[in-house]
Amino acid sequence: MTRVLVLNCGSSSVKYRLLDVPSGRVDEVEPAVVASGTVERIGEDAPGAPRDHAEALATVMAGLPLDGLTAVGHRVVHGGLTFTAPAIVDDTVIAAIRELVPLAPLHNPANLAGIEVARALLPGVPQVAVFDTAFHRTLSPAASTYAIDAETATRYGIHRYGFHGTSHAIVSRRTATLLDRPLAEVNTITLHLGNGASACAVEGGRSVATSMGLSPLEGLVMGTRSGDLDPTIIFHLHRVAGMPIDEIDDLLNRRSGLAGLAGVNDMRGLLARRAGGDRAAALAFEVYCRRIRSYVGAYYAELGRLDAITFTAGVGENAPAVRAAALAGLDRLGIEVDPVRNDTPERGARVISPPGAPVAVCVVPTDEEWEIASQTLGVVS
Ligand code: ADP
């Protein structure tokens with residue numbers, strides 16, 4: 001039995017999960033959750049709010065049974081081109097994560113704060129950084145290169161890094177398990193639809209295309225982010241509307257997507273309004289599903305042969321209406337959603353296409369904390 005603490009430090013929150021992993025192949029065992037929780041409102045000027053990450057983590061750790069802890073796994077959002085795999089934290093790794101702050105100004109500083117506090121509080125326990133971007137370092141140059149001036153791109157690190165890697169990794173693996181086929185033989189399009197959303201084409205376990213790019217703004221329509229748009233929109237808002245660049249950043253990241261189109265960033269709320277006849281909500285739903293469908297088409301072409309399409313995360317796991325609408329009209333491509341299977345209240349990994357369909361449409365719950373724990377144990381053992 002090994003005990004692993006997983007920490008996911010956001011700009012104003014800390015999520016933690018303490019897991020006991022029975023010995024055996026990490027991928028095949030079911031870990032026991034000893035404790036889990038979230039501390040929010042870090043740094044807010046409110047009664048009881050923790051002053052900073054150090055205070056929040058000290059409180060969390062004081063209440064956890066950490067005797068005999070094997071390792072701490074940290075979620076780190078941006079690993080740039082430096083990190084292609086999880087890394088045991090030392091001063092060099094910390095310096096490299098710090099160098100990537102300009103690419104992830106909101107996330108990497110919070111992730112670093114978590115690493116530094118945990119290191120100080122648990123001396124002698126290995127700390128491992130697990131990167132959201134690392135799974136996508138298998139993208140070919142053709143898939144990760146933006147068609148802009150090459151020298152400028154190199155100088156400023158303009159590159160498709162991709163995100164949600166831990167989720168796409170575990171979900172594509174669990175899809176192969178669900179279909180009872182070797183991972184190396186299965187081509188899957190994974191659709192992570194949470195507050196943030198991204199698509200990934202996974203060829204035999206390797207990421208070959210993904211919709212998020214330099215940052216998590218690109219690609220699918222999200223709760224508050226626009227996803228793909230014509231970059232001229234930014235110039236236009238700056239030159240014609242006179243918006244400062246930080247305001248446009250805020251508009252596209254926090255006031256766009258479902259929130260911008262229908263005034264609600266939460267899919268449950270959007271579906272309720274759409275059912276009540278709200279036309280803005282109906283349009284937002286169409287825009288959201290249409291974007292997913294066009295990525296499915298693009299990634300089908302990219303993969304050449306498609307075995308599975310897998311939905312995951314809050315929306316993907318819980319919104320049958322989105323799954324049905326996103327894949328509607330694709331039966332000529334062998335992609336079909338069975339209405340009865342799609343609507344079952346079942347929670348676990350399952351197939352929702354008709355029996356014998358050429359492409360298995362699946363719902364597979366994601367578990368990023370477990371994937372971080374598993375990758376952490378993989379490097380310390
Ligand atoms: P995060 O990206 O923050 O981890 P989640 O994966 O939890 O987010 O996904 C949050 C999204 O999932 C929200 O838009 C929420 O409305 C949606 N969601 C959760 N449950 C349901 C449900 N039963 N039906 C439709 N949408 C749901």
# chains A, B, ... in the order shown; residues from 1 in each chain; ligands from 1
call {"tool": "closest_atom_pairs", "arguments": {"of": "chain A", "to": "ligand 1", "cutoff": "6 Å", "atoms": "only C-alpha atoms and all ligand atoms", "output": "Markdown table"}}
result
| residue | atom | partner | partner_atom_place_in_ligand_line | distance |
| --- | --- | --- | --- | --- |
| A:Gly194 | CA | ligand 1 | 9 (O) | 3.4 |
| A:Asn195 | CA | ligand 1 | 2 (O) | 3.8 |
| A:Gly196 | CA | ligand 1 | 2 (O) | 4.9 |
| A:Asp266 | CA | ligand 1 | 14 (O) | 3.8 |
| A:Met267 | CA | ligand 1 | 16 (O) | 3.7 |
| A:Arg268 | CA | ligand 1 | 16 (O) | 4.2 |
| A:Ala313 | CA | ligand 1 | 6 (O) | 4.0 |
| A:Gly314 | CA | ligand 1 | 12 (O) | 3.2 |
| A:Val315 | CA | ligand 1 | 12 (O) | 4.1 |
| A:Asn318 | CA | ligand 1 | 22 (C) | 4.4 |
| A:Ala319 | CA | ligand 1 | 25 (C) | 4.3 |
call {"tool": "write_last_selection", "arguments": {"atoms": "all heavy atoms", "output": "PDB file, in the first residue's frame"}}
result
ATOM      1  N   GLY A 194     -15.968  20.165 -19.922  1.00  0.00           N
ATOM      2  CA  GLY A 194     -16.240  20.634 -18.562  1.00  0.00           C
ATOM      3  C   GLY A 194     -16.502  22.127 -18.631  1.00  0.00           C
ATOM      4  O   GLY A 194     -17.114  22.601 -19.590  1.00  0.00           O
ATOM      5  N   ASN A 195     -16.044  22.887 -17.641  1.00  0.00           N
ATOM      6  CA  ASN A 195     -16.106  24.347 -17.787  1.00  0.00           C
ATOM      7  C   ASN A 195     -15.176  24.769 -18.916  1.00  0.00           C
ATOM      8  O   ASN A 195     -15.531  25.545 -19.783  1.00  0.00           O
ATOM      9  CB  ASN A 195     -15.736  25.027 -16.473  1.00  0.00           C
ATOM     10  CG  ASN A 195     -16.899  25.012 -15.508  1.00  0.00           C
ATOM     11  OD1 ASN A 195     -18.027  25.343 -15.881  1.00  0.00           O
ATOM     12  ND2 ASN A 195     -16.643  24.604 -14.279  1.00  0.00           N
ATOM     13  N   GLY A 196     -13.940  24.223 -18.871  1.00  0.00           N
ATOM     14  CA  GLY A 196     -13.064  24.300 -20.032  1.00  0.00           C
ATOM     15  C   GLY A 196     -13.385  23.092 -20.900  1.00  0.00           C
ATOM     16  O   GLY A 196     -13.936  22.112 -20.406  1.00  0.00           O
ATOM     17  N   ASP A 266     -23.059  27.794 -17.147  1.00  0.00           N
ATOM     18  CA  ASP A 266     -23.262  26.442 -16.639  1.00  0.00           C
ATOM     19  C   ASP A 266     -24.209  25.690 -17.585  1.00  0.00           C
ATOM     20  O   ASP A 266     -25.289  26.171 -17.907  1.00  0.00           O
ATOM     21  CB  ASP A 266     -23.879  26.591 -15.245  1.00  0.00           C
ATOM     22  CG  ASP A 266     -24.161  25.269 -14.593  1.00  0.00           C
ATOM     23  OD1 ASP A 266     -25.158  24.628 -14.980  1.00  0.00           O
ATOM     24  OD2 ASP A 266     -23.383  24.882 -13.716  1.00  0.00           O
ATOM     25  N   MET A 267     -23.786  24.498 -18.061  1.00  0.00           N
ATOM     26  CA  MET A 267     -24.588  23.775 -19.053  1.00  0.00           C
ATOM     27  C   MET A 267     -25.965  23.398 -18.512  1.00  0.00           C
ATOM     28  O   MET A 267     -26.956  23.453 -19.237  1.00  0.00           O
ATOM     29  CB  MET A 267     -23.839  22.529 -19.548  1.00  0.00           C
ATOM     30  CG  MET A 267     -24.563  21.743 -20.618  1.00  0.00           C
ATOM     31  SD  MET A 267     -25.048  22.715 -22.089  1.00  0.00           S
ATOM     32  CE  MET A 267     -23.509  22.748 -23.020  1.00  0.00           C
ATOM     33  N   ARG A 268     -26.030  23.034 -17.220  1.00  0.00           N
ATOM     34  CA  ARG A 268     -27.347  22.704 -16.648  1.00  0.00           C
ATOM     35  C   ARG A 268     -28.306  23.883 -16.776  1.00  0.00           C
ATOM     36  O   ARG A 268     -29.457  23.737 -17.185  1.00  0.00           O
ATOM     37  CB  ARG A 268     -27.208  22.325 -15.181  1.00  0.00           C
ATOM     38  CG  ARG A 268     -27.257  20.841 -14.941  1.00  0.00           C
ATOM     39  CD  ARG A 268     -26.908  20.534 -13.509  1.00  0.00           C
ATOM     40  NE  ARG A 268     -25.610  21.132 -13.167  1.00  0.00           N
ATOM     41  CZ  ARG A 268     -24.861  20.763 -12.153  1.00  0.00           C
ATOM     42  NH1 ARG A 268     -25.274  19.817 -11.352  1.00  0.00           N
ATOM     43  NH2 ARG A 268     -23.698  21.335 -11.932  1.00  0.00           N
ATOM     44  N   ALA A 313     -15.999  14.439 -18.628  1.00  0.00           N
ATOM     45  CA  ALA A 313     -16.109  15.652 -17.781  1.00  0.00           C
ATOM     46  C   ALA A 313     -17.580  16.047 -17.597  1.00  0.00           C
ATOM     47  O   ALA A 313     -18.475  15.395 -18.160  1.00  0.00           O
ATOM     48  CB  ALA A 313     -15.280  16.799 -18.333  1.00  0.00           C
ATOM     49  N   GLY A 314     -17.816  17.102 -16.814  1.00  0.00           N
ATOM     50  CA  GLY A 314     -19.164  17.451 -16.351  1.00  0.00           C
ATOM     51  C   GLY A 314     -20.240  17.403 -17.421  1.00  0.00           C
ATOM     52  O   GLY A 314     -21.263  16.735 -17.256  1.00  0.00           O
ATOM     53  N   VAL A 315     -20.023  18.066 -18.541  1.00  0.00           N
ATOM     54  CA  VAL A 315     -21.022  18.081 -19.617  1.00  0.00           C
ATOM     55  C   VAL A 315     -21.006  16.751 -20.368  1.00  0.00           C
ATOM     56  O   VAL A 315     -22.055  16.135 -20.606  1.00  0.00           O
ATOM     57  CB  VAL A 315     -20.757  19.256 -20.592  1.00  0.00           C
ATOM     58  CG1 VAL A 315     -21.709  19.198 -21.778  1.00  0.00           C
ATOM     59  CG2 VAL A 315     -20.858  20.587 -19.861  1.00  0.00           C
ATOM     60  N   ASN A 318     -22.657  13.992 -18.364  1.00  0.00           N
ATOM     61  CA  ASN A 318     -24.005  14.181 -17.793  1.00  0.00           C
ATOM     62  C   ASN A 318     -25.053  14.803 -18.710  1.00  0.00           C
ATOM     63  O   ASN A 318     -26.184  14.992 -18.274  1.00  0.00           O
ATOM     64  CB  ASN A 318     -23.906  15.058 -16.542  1.00  0.00           C
ATOM     65  CG  ASN A 318     -23.035  14.434 -15.472  1.00  0.00           C
ATOM     66  OD1 ASN A 318     -23.331  13.343 -15.008  1.00  0.00           O
ATOM     67  ND2 ASN A 318     -21.960  15.100 -15.121  1.00  0.00           N
ATOM     68  N   ALA A 319     -24.688  15.160 -19.928  1.00  0.00           N
ATOM     69  CA  ALA A 319     -25.657  15.856 -20.775  1.00  0.00           C
ATOM     70  C   ALA A 319     -25.937  15.069 -22.056  1.00  0.00           C
ATOM     71  O   ALA A 319     -25.317  15.306 -23.103  1.00  0.00           O
ATOM     72  CB  ALA A 319     -25.149  17.267 -21.099  1.00  0.00           C
TER      73      ALA A 319
END
call {"tool": "residues_around", "arguments": {"residues": "Val21 of chain A", "least_positions_apart": "5", "cutoff": "10 Å", "atoms": "only C-alpha atoms", "output": "list in words"}}
result
Met1, Thr2, Arg3, Val4, Val26, Val29, Glu30, Pro31, Ala32, Val33, Trp370, Ala373, Ser374 and Leu377 of chain A
call {"tool": "select_by_dssp", "arguments": {"residues": "segment 13-140 of chain A", "states": "strand (DSSP E)", "output": "JSON, numbers by chain"}}
result
{"A": [14, 15, 16, 17, 18, 19, 20, 21, 32, 33, 34, 35, 36, 37, 38, 39, 69, 70, 71, 72, 73, 74, 75, 76, 87, 88, 127, 128, 129, 130, 131]}
call {"tool": "write_last_selection", "arguments": {"atoms": "C-alpha atoms", "output": "mmCIF file, in the first residue's frame"}}
result
data_model
loop_
_atom_site.group_PDB
_atom_site.id
_atom_site.type_symbol
_atom_site.label_atom_id
_atom_site.label_comp_id
_atom_site.auth_asym_id
_atom_site.auth_seq_id
_atom_site.Cartn_x
_atom_site.Cartn_y
_atom_site.Cartn_z
ATOM 1 C CA VAL A 14 -6.557 24.365 -3.603
ATOM 2 C CA LYS A 15 -8.053 20.983 -4.433
ATOM 3 C CA TYR A 16 -6.538 18.008 -2.644
ATOM 4 C CA ARG A 17 -7.020 14.279 -2.593
ATOM 5 C CA LEU A 18 -5.221 11.754 -0.413
ATOM 6 C CA LEU A 19 -5.189 8.270 -1.949
ATOM 7 C CA ASP A 20 -4.171 4.830 -0.744
ATOM 8 C CA VAL A 21 -3.034 2.761 -3.702
ATOM 9 C CA ALA A 32 -9.078 4.258 -1.783
ATOM 10 C CA VAL A 33 -9.789 7.938 -1.204
ATOM 11 C CA VAL A 34 -8.625 8.697 2.351
ATOM 12 C CA ALA A 35 -9.569 12.370 2.210
ATOM 13 C CA SER A 36 -10.431 14.969 -0.381
ATOM 14 C CA GLY A 37 -11.642 18.527 -0.497
ATOM 15 C CA THR A 38 -11.307 22.047 -1.813
ATOM 16 C CA VAL A 39 -10.225 25.269 -0.136
ATOM 17 C CA LEU A 69 3.370 9.391 2.649
ATOM 18 C CA THR A 70 5.137 8.067 -0.475
ATOM 19 C CA ALA A 71 4.912 11.159 -2.641
ATOM 20 C CA VAL A 72 3.029 14.339 -3.484
ATOM 21 C CA GLY A 73 1.748 14.772 -7.051
ATOM 22 C CA HIS A 74 1.188 18.343 -8.219
ATOM 23 C CA ARG A 75 -0.900 19.363 -11.177
ATOM 24 C CA VAL A 76 1.097 21.881 -13.218
ATOM 25 C CA ALA A 87 9.238 15.304 -13.265
ATOM 26 C CA ILE A 88 10.547 14.831 -9.727
ATOM 27 C CA GLN A 127 7.286 15.946 -4.958
ATOM 28 C CA VAL A 128 6.303 15.258 -8.559
ATOM 29 C CA ALA A 129 5.078 17.787 -11.133
ATOM 30 C CA VAL A 130 2.517 16.351 -13.570
ATOM 31 C CA PHE A 131 1.914 18.603 -16.573
#
call {"tool": "closest_residue", "arguments": {"among": "A:His136, A:Arg119, A:His168, A:Ser215", "to": "Pro105 of chain A", "atoms": "only C-alpha atoms"}}
result
A:Ser215
call {"tool": "residues_around", "arguments": {"residues": "Val287 of chain A", "least_positions_apart": "3", "cutoff": "12 Å", "atoms": "only C-alpha atoms", "output": "list in words"}}
result
Leu220, Val221, Met222, Ser226, Gly227, Asp228, Gly257, Leu258, Gly260, Leu261, Ala262, Ala280, Ala281, Ala282, Leu283, Ala284, Arg290, Arg291, Ile292, Arg293, Ser294, Val322, Ala325 and Ala326 of chain A
call {"tool": "residues_around", "arguments": {"residues": "Tyr146 of chain A", "least_positions_apart": "2", "cutoff": "12 Å", "atoms": "only C-alpha atoms", "output": "VMD selection string"}}
result
chain A and resid 141 to 144 148 to 154 157 to 161 213 to 214
call {"tool": "write_last_selection", "arguments": {"atoms": "all heavy atoms", "output": "CSV table (one decimal), in the first residue's frame"}}
result
chain,number,residue,atom,x,y,z
A,141,PRO,N,5.4,18.0,-35.7
A,141,PRO,CA,5.6,19.4,-36.0
A,141,PRO,C,4.5,20.0,-36.9
A,141,PRO,O,4.0,21.1,-36.6
A,141,PRO,CB,6.9,19.4,-36.8
A,141,PRO,CG,7.6,18.2,-36.3
A,141,PRO,CD,6.6,17.2,-36.1
A,142,ALA,N,3.9,19.2,-37.8
A,142,ALA,CA,2.9,19.8,-38.7
A,142,ALA,C,1.6,20.1,-37.8
A,142,ALA,O,0.8,21.0,-38.2
A,142,ALA,CB,2.5,18.8,-39.8
A,143,ALA,N,1.4,19.3,-36.8
A,143,ALA,CA,0.2,19.5,-36.0
A,143,ALA,C,0.4,20.6,-34.9
A,143,ALA,O,-0.6,21.1,-34.4
A,143,ALA,CB,-0.2,18.2,-35.3
A,144,SER,N,1.6,20.9,-34.5
A,144,SER,CA,1.8,21.8,-33.4
A,144,SER,C,2.4,23.2,-33.9
A,144,SER,O,2.6,24.0,-33.0
A,144,SER,CB,2.8,21.2,-32.4
A,144,SER,OG,4.0,20.9,-33.0
A,148,ILE,N,2.7,31.1,-38.8
A,148,ILE,CA,3.1,32.5,-38.7
A,148,ILE,C,4.6,32.6,-39.0
A,148,ILE,O,5.3,31.5,-39.0
A,148,ILE,CB,2.8,33.2,-37.4
A,148,ILE,CG1,3.6,32.5,-36.2
A,148,ILE,CG2,1.3,33.1,-37.1
A,148,ILE,CD1,3.4,33.3,-34.9
A,149,ASP,N,5.2,33.8,-39.0
A,149,ASP,CA,6.6,33.9,-39.2
A,149,ASP,C,7.4,33.0,-38.3
A,149,ASP,O,7.3,33.1,-37.1
A,149,ASP,CB,7.0,35.4,-39.0
A,149,ASP,CG,8.5,35.5,-39.1
A,149,ASP,OD1,9.1,35.4,-40.2
A,149,ASP,OD2,9.2,35.7,-38.0
A,150,ALA,N,8.2,32.1,-38.9
A,150,ALA,CA,8.9,31.0,-38.1
A,150,ALA,C,9.8,31.6,-37.0
A,150,ALA,O,9.9,31.0,-35.9
A,150,ALA,CB,9.6,30.1,-39.0
A,151,GLU,N,10.5,32.6,-37.4
A,151,GLU,CA,11.5,33.1,-36.4
A,151,GLU,C,10.8,33.8,-35.2
A,151,GLU,O,11.2,33.5,-34.0
A,151,GLU,CB,12.4,34.1,-37.1
A,151,GLU,CG,13.7,34.3,-36.5
A,151,GLU,CD,14.5,35.5,-37.1
A,151,GLU,OE1,14.8,35.4,-38.3
A,151,GLU,OE2,14.7,36.5,-36.4
A,152,THR,N,9.8,34.5,-35.5
A,152,THR,CA,9.0,35.1,-34.4
A,152,THR,C,8.4,34.0,-33.5
A,152,THR,O,8.4,34.1,-32.3
A,152,THR,CB,7.9,36.0,-35.0
A,152,THR,OG1,8.4,36.9,-35.9
A,152,THR,CG2,7.1,36.7,-33.9
A,153,ALA,N,7.9,33.0,-34.1
A,153,ALA,CA,7.2,31.9,-33.4
A,153,ALA,C,8.2,31.3,-32.4
A,153,ALA,O,8.0,31.0,-31.3
A,153,ALA,CB,6.6,30.9,-34.3
A,154,THR,N,9.4,31.0,-33.0
A,154,THR,CA,10.5,30.3,-32.1
A,154,THR,C,10.9,31.3,-31.0
A,154,THR,O,11.0,30.8,-29.8
A,154,THR,CB,11.7,30.0,-33.0
A,154,THR,OG1,11.2,29.2,-34.1
A,154,THR,CG2,12.7,29.2,-32.2
A,157,GLY,N,8.0,31.4,-28.3
A,157,GLY,CA,7.4,30.2,-27.9
A,157,GLY,C,6.0,30.0,-28.4
A,157,GLY,O,5.1,29.3,-27.7
A,158,ILE,N,5.7,30.5,-29.6
A,158,ILE,CA,4.3,30.4,-30.2
A,158,ILE,C,4.2,29.0,-30.7
A,158,ILE,O,4.9,28.6,-31.7
A,158,ILE,CB,4.1,31.4,-31.3
A,158,ILE,CG1,4.4,32.8,-30.8
A,158,ILE,CG2,2.6,31.3,-31.8
A,158,ILE,CD1,3.6,33.4,-29.7
A,159,HIS,N,3.4,28.1,-30.1
A,159,HIS,CA,3.4,26.7,-30.4
A,159,HIS,C,2.1,26.1,-29.9
A,159,HIS,O,1.5,26.6,-28.9
A,159,HIS,CB,4.6,26.1,-29.6
A,159,HIS,CG,4.9,24.7,-30.0
A,159,HIS,ND1,5.9,24.4,-30.9
A,159,HIS,CD2,4.5,23.6,-29.4
A,159,HIS,CE1,6.0,23.0,-30.9
A,159,HIS,NE2,5.1,22.5,-30.1
A,160,ARG,N,1.6,25.1,-30.5
A,160,ARG,CA,0.4,24.4,-29.9
A,160,ARG,C,0.9,23.5,-28.8
A,160,ARG,O,1.6,22.5,-29.1
A,160,ARG,CB,-0.4,23.6,-31.0
A,160,ARG,CG,-1.6,22.8,-30.4
A,160,ARG,CD,-2.4,22.1,-31.4
A,160,ARG,NE,-2.8,22.9,-32.5
A,160,ARG,CZ,-3.8,23.8,-32.4
A,160,ARG,NH1,-4.5,23.9,-31.3
A,160,ARG,NH2,-4.1,24.6,-33.4
A,161,TYR,N,0.6,23.8,-27.6
A,161,TYR,CA,1.0,23.0,-26.5
A,161,TYR,C,-0.1,22.0,-26.1
A,161,TYR,O,0.2,20.8,-25.8
A,161,TYR,CB,1.4,23.9,-25.2
A,161,TYR,CG,2.5,24.8,-25.5
A,161,TYR,CD1,2.3,26.1,-25.8
A,161,TYR,CD2,3.8,24.3,-25.5
A,161,TYR,CE1,3.4,27.0,-26.1
A,161,TYR,CE2,4.9,25.1,-25.7
A,161,TYR,CZ,4.7,26.5,-26.0
A,161,TYR,OH,5.8,27.3,-26.3
A,213,GLY,N,-4.5,25.3,-27.7
A,213,GLY,CA,-3.2,25.6,-28.4
A,213,GLY,C,-2.1,26.2,-27.5
A,213,GLY,O,-1.6,25.5,-26.6
A,214,LEU,N,-1.7,27.4,-27.8
A,214,LEU,CA,-0.8,28.1,-26.9
A,214,LEU,C,-1.3,28.3,-25.5
A,214,LEU,O,-0.6,28.2,-24.6
A,214,LEU,CB,-0.5,29.5,-27.5
A,214,LEU,CG,0.4,30.5,-26.7
A,214,LEU,CD1,1.8,30.1,-27.0
A,214,LEU,CD2,0.1,31.9,-27.1
call {"tool": "select_by_dssp", "arguments": {"residues": "segment 43-199 of chain A", "states": "alpha helix (DSSP H)", "output": "ChimeraX atom specification"}}
result
/A:53-62,91-99,107-121,141-144,150-156,165-178
call {"tool": "closest_residue", "arguments": {"among": "A:Arg225, A:Arg206, A:Arg350, A:Arg273", "to": "Pro365 of chain A", "atoms": "only C-alpha atoms"}}
result
A:Arg350
call {"tool": "residues_around", "arguments": {"residues": "Ala301 of chain A", "least_positions_apart": "2", "cutoff": "12 Å", "atoms": "only C-alpha atoms", "output": "number ranges by chain"}}
result
A: 187, 189, 201, 208-209, 294-299, 303-306, 333
call {"tool": "write_last_selection", "arguments": {"atoms": "all heavy atoms", "output": "compact mmCIF listing (two decimals), in the first residue's frame"}}
result
# COMPACT_ATOMS: atom_id res chain seq x y z
N ASN A 187 -7.94 3.88 -32.07
CA ASN A 187 -7.92 5.32 -32.40
C ASN A 187 -9.18 5.97 -31.84
O ASN A 187 -10.30 5.55 -32.16
CB ASN A 187 -7.88 5.54 -33.91
CG ASN A 187 -6.53 5.16 -34.50
OD1 ASN A 187 -5.59 4.83 -33.78
ND2 ASN A 187 -6.44 5.21 -35.83
N ILE A 189 -11.30 9.68 -30.53
CA ILE A 189 -11.42 11.13 -30.34
C ILE A 189 -12.00 11.33 -28.95
O ILE A 189 -13.10 10.84 -28.65
CB ILE A 189 -12.35 11.77 -31.39
CG1 ILE A 189 -11.76 11.61 -32.80
CG2 ILE A 189 -12.57 13.25 -31.06
CD1 ILE A 189 -12.71 12.03 -33.92
N ALA A 201 -7.34 13.98 -30.64
CA ALA A 201 -7.28 12.76 -31.46
C ALA A 201 -6.15 11.91 -30.90
O ALA A 201 -5.00 12.36 -30.82
CB ALA A 201 -7.00 13.12 -32.92
N VAL A 208 -2.29 13.01 -31.21
CA VAL A 208 -1.80 13.46 -32.51
C VAL A 208 -2.42 14.79 -32.95
O VAL A 208 -1.96 15.42 -33.91
CB VAL A 208 -1.98 12.40 -33.63
CG1 VAL A 208 -1.15 11.16 -33.33
CG2 VAL A 208 -3.45 12.03 -33.82
N ALA A 209 -3.48 15.23 -32.28
CA ALA A 209 -4.08 16.53 -32.56
C ALA A 209 -4.90 16.93 -31.35
O ALA A 209 -5.50 16.09 -30.69
CB ALA A 209 -5.00 16.45 -33.79
N SER A 294 -17.61 19.76 -35.78
CA SER A 294 -16.60 20.04 -36.80
C SER A 294 -15.22 19.53 -36.37
O SER A 294 -14.43 19.11 -37.21
CB SER A 294 -16.59 21.51 -37.21
OG SER A 294 -16.23 22.30 -36.14
N TYR A 295 -14.95 19.52 -35.07
CA TYR A 295 -13.69 18.91 -34.62
C TYR A 295 -13.71 17.39 -34.80
O TYR A 295 -12.68 16.78 -35.14
CB TYR A 295 -13.39 19.29 -33.16
CG TYR A 295 -12.56 20.56 -33.09
CD1 TYR A 295 -13.16 21.80 -32.93
CD2 TYR A 295 -11.18 20.51 -33.24
CE1 TYR A 295 -12.42 22.96 -32.90
CE2 TYR A 295 -10.41 21.66 -33.21
CZ TYR A 295 -11.03 22.89 -33.04
OH TYR A 295 -10.28 24.03 -33.02
N VAL A 296 -14.86 16.78 -34.57
CA VAL A 296 -14.96 15.33 -34.78
C VAL A 296 -14.65 15.00 -36.24
O VAL A 296 -13.87 14.09 -36.55
CB VAL A 296 -16.36 14.80 -34.37
CG1 VAL A 296 -16.59 13.38 -34.89
CG2 VAL A 296 -16.52 14.84 -32.85
N GLY A 297 -15.21 15.80 -37.16
CA GLY A 297 -14.93 15.58 -38.58
C GLY A 297 -13.46 15.76 -38.90
O GLY A 297 -12.85 14.93 -39.59
N ALA A 298 -12.88 16.83 -38.38
CA ALA A 298 -11.46 17.10 -38.66
C ALA A 298 -10.57 15.99 -38.12
O ALA A 298 -9.63 15.54 -38.79
CB ALA A 298 -11.07 18.44 -38.03
N TYR A 299 -10.87 15.54 -36.91
CA TYR A 299 -9.99 14.54 -36.28
C TYR A 299 -10.22 13.14 -36.87
O TYR A 299 -9.31 12.31 -36.86
CB TYR A 299 -10.17 14.56 -34.76
CG TYR A 299 -9.57 15.81 -34.12
CD1 TYR A 299 -9.68 16.04 -32.76
CD2 TYR A 299 -8.87 16.75 -34.89
CE1 TYR A 299 -9.14 17.18 -32.17
CE2 TYR A 299 -8.33 17.88 -34.32
CZ TYR A 299 -8.46 18.10 -32.96
OH TYR A 299 -7.92 19.22 -32.39
N LEU A 303 -7.13 11.03 -38.25
CA LEU A 303 -6.80 9.67 -37.82
C LEU A 303 -6.93 8.66 -38.96
O LEU A 303 -6.27 7.62 -38.94
CB LEU A 303 -7.73 9.24 -36.67
CG LEU A 303 -7.50 9.94 -35.32
CD1 LEU A 303 -8.69 9.74 -34.38
CD2 LEU A 303 -6.21 9.45 -34.67
N GLY A 304 -7.77 8.97 -39.94
CA GLY A 304 -7.96 8.04 -41.06
C GLY A 304 -8.89 6.89 -40.71
O GLY A 304 -9.82 6.58 -41.43
N ARG A 305 -8.63 6.25 -39.59
CA ARG A 305 -9.53 5.19 -39.12
C ARG A 305 -9.93 5.54 -37.70
O ARG A 305 -9.08 5.88 -36.89
CB ARG A 305 -8.80 3.85 -39.11
CG ARG A 305 -9.72 2.65 -38.85
CD ARG A 305 -8.95 1.43 -38.32
NE ARG A 305 -8.66 1.56 -36.91
CZ ARG A 305 -7.46 1.40 -36.37
NH1 ARG A 305 -6.40 1.14 -37.12
NH2 ARG A 305 -7.30 1.53 -35.07
N LEU A 306 -11.23 5.49 -37.43
CA LEU A 306 -11.71 5.89 -36.10
C LEU A 306 -12.43 4.72 -35.44
O LEU A 306 -13.35 4.14 -36.01
CB LEU A 306 -12.66 7.09 -36.23
CG LEU A 306 -13.22 7.65 -34.92
CD1 LEU A 306 -12.12 8.20 -34.02
CD2 LEU A 306 -14.25 8.76 -35.22
N LEU A 333 -20.91 8.35 -41.58
CA LEU A 333 -19.51 8.14 -41.18
C LEU A 333 -19.38 6.99 -40.18
O LEU A 333 -18.31 6.75 -39.62
CB LEU A 333 -18.94 9.42 -40.55
CG LEU A 333 -18.87 10.67 -41.43
CD1 LEU A 333 -18.37 11.86 -40.62
CD2 LEU A 333 -17.94 10.42 -42.61
call {"tool": "residues_around", "arguments": {"residues": "Ile309 of chain A", "least_positions_apart": "3", "cutoff": "6 Å", "atoms": "only C-alpha atoms", "output": "list of chain:residue names"}}
result
A:Thr188, A:Ile189, A:Thr190, A:Val361
call {"tool": "atom_distance", "arguments": {"atom1": "atom CA of Pro339 of chain A", "atom2": "atom CA of Ala275 of chain A"}}
result
18.4 Å
call {"tool": "residues_around", "arguments": {"residues": "segment 50-66 of chain A", "least_positions_apart": "6", "cutoff": "6 Å", "atoms": "only C-alpha atoms", "output": "count of residues only"}}
result
3
call {"tool": "atom_distance", "arguments": {"atom1": "atom CA of Pro126 of chain A", "atom2": "atom CA of Ile170 of chain A"}}
result
22.9 Å
call {"tool": "atom_distance", "arguments": {"atom1": "atom CA of Ala134 of chain A", "atom2": "atom CA of Val93 of chain A"}}
result
14.2 Å
call {"tool": "decode", "arguments": {"residues": "segment 323-327 of chain A", "atoms": "N, CA and C atoms", "output": "mmCIF file, in the first residue's frame"}}
result
data_model
loop_
_atom_site.group_PDB
_atom_site.id
_atom_site.type_symbol
_atom_site.label_atom_id
_atom_site.label_comp_id
_atom_site.auth_asym_id
_atom_site.auth_seq_id
_atom_site.Cartn_x
_atom_site.Cartn_y
_atom_site.Cartn_z
ATOM 1 N N ARG A 323 -24.541 15.249 -26.227
ATOM 2 C CA ARG A 323 -23.920 14.127 -26.958
ATOM 3 C C ARG A 323 -24.706 13.828 -28.238
ATOM 4 N N ALA A 324 -26.037 13.796 -28.127
ATOM 5 C CA ALA A 324 -26.862 13.475 -29.289
ATOM 6 C C ALA A 324 -26.749 14.570 -30.355
ATOM 7 N N ALA A 325 -26.818 15.824 -29.947
ATOM 8 C CA ALA A 325 -26.791 16.921 -30.926
ATOM 9 C C ALA A 325 -25.417 17.058 -31.574
ATOM 10 N N ALA A 326 -24.365 16.853 -30.791
ATOM 11 C CA ALA A 326 -23.007 17.038 -31.330
ATOM 12 C C ALA A 326 -22.707 16.020 -32.421
ATOM 13 N N LEU A 327 -23.290 14.818 -32.323
ATOM 14 C CA LEU A 327 -22.974 13.769 -33.302
ATOM 15 C C LEU A 327 -24.119 13.522 -34.281
#
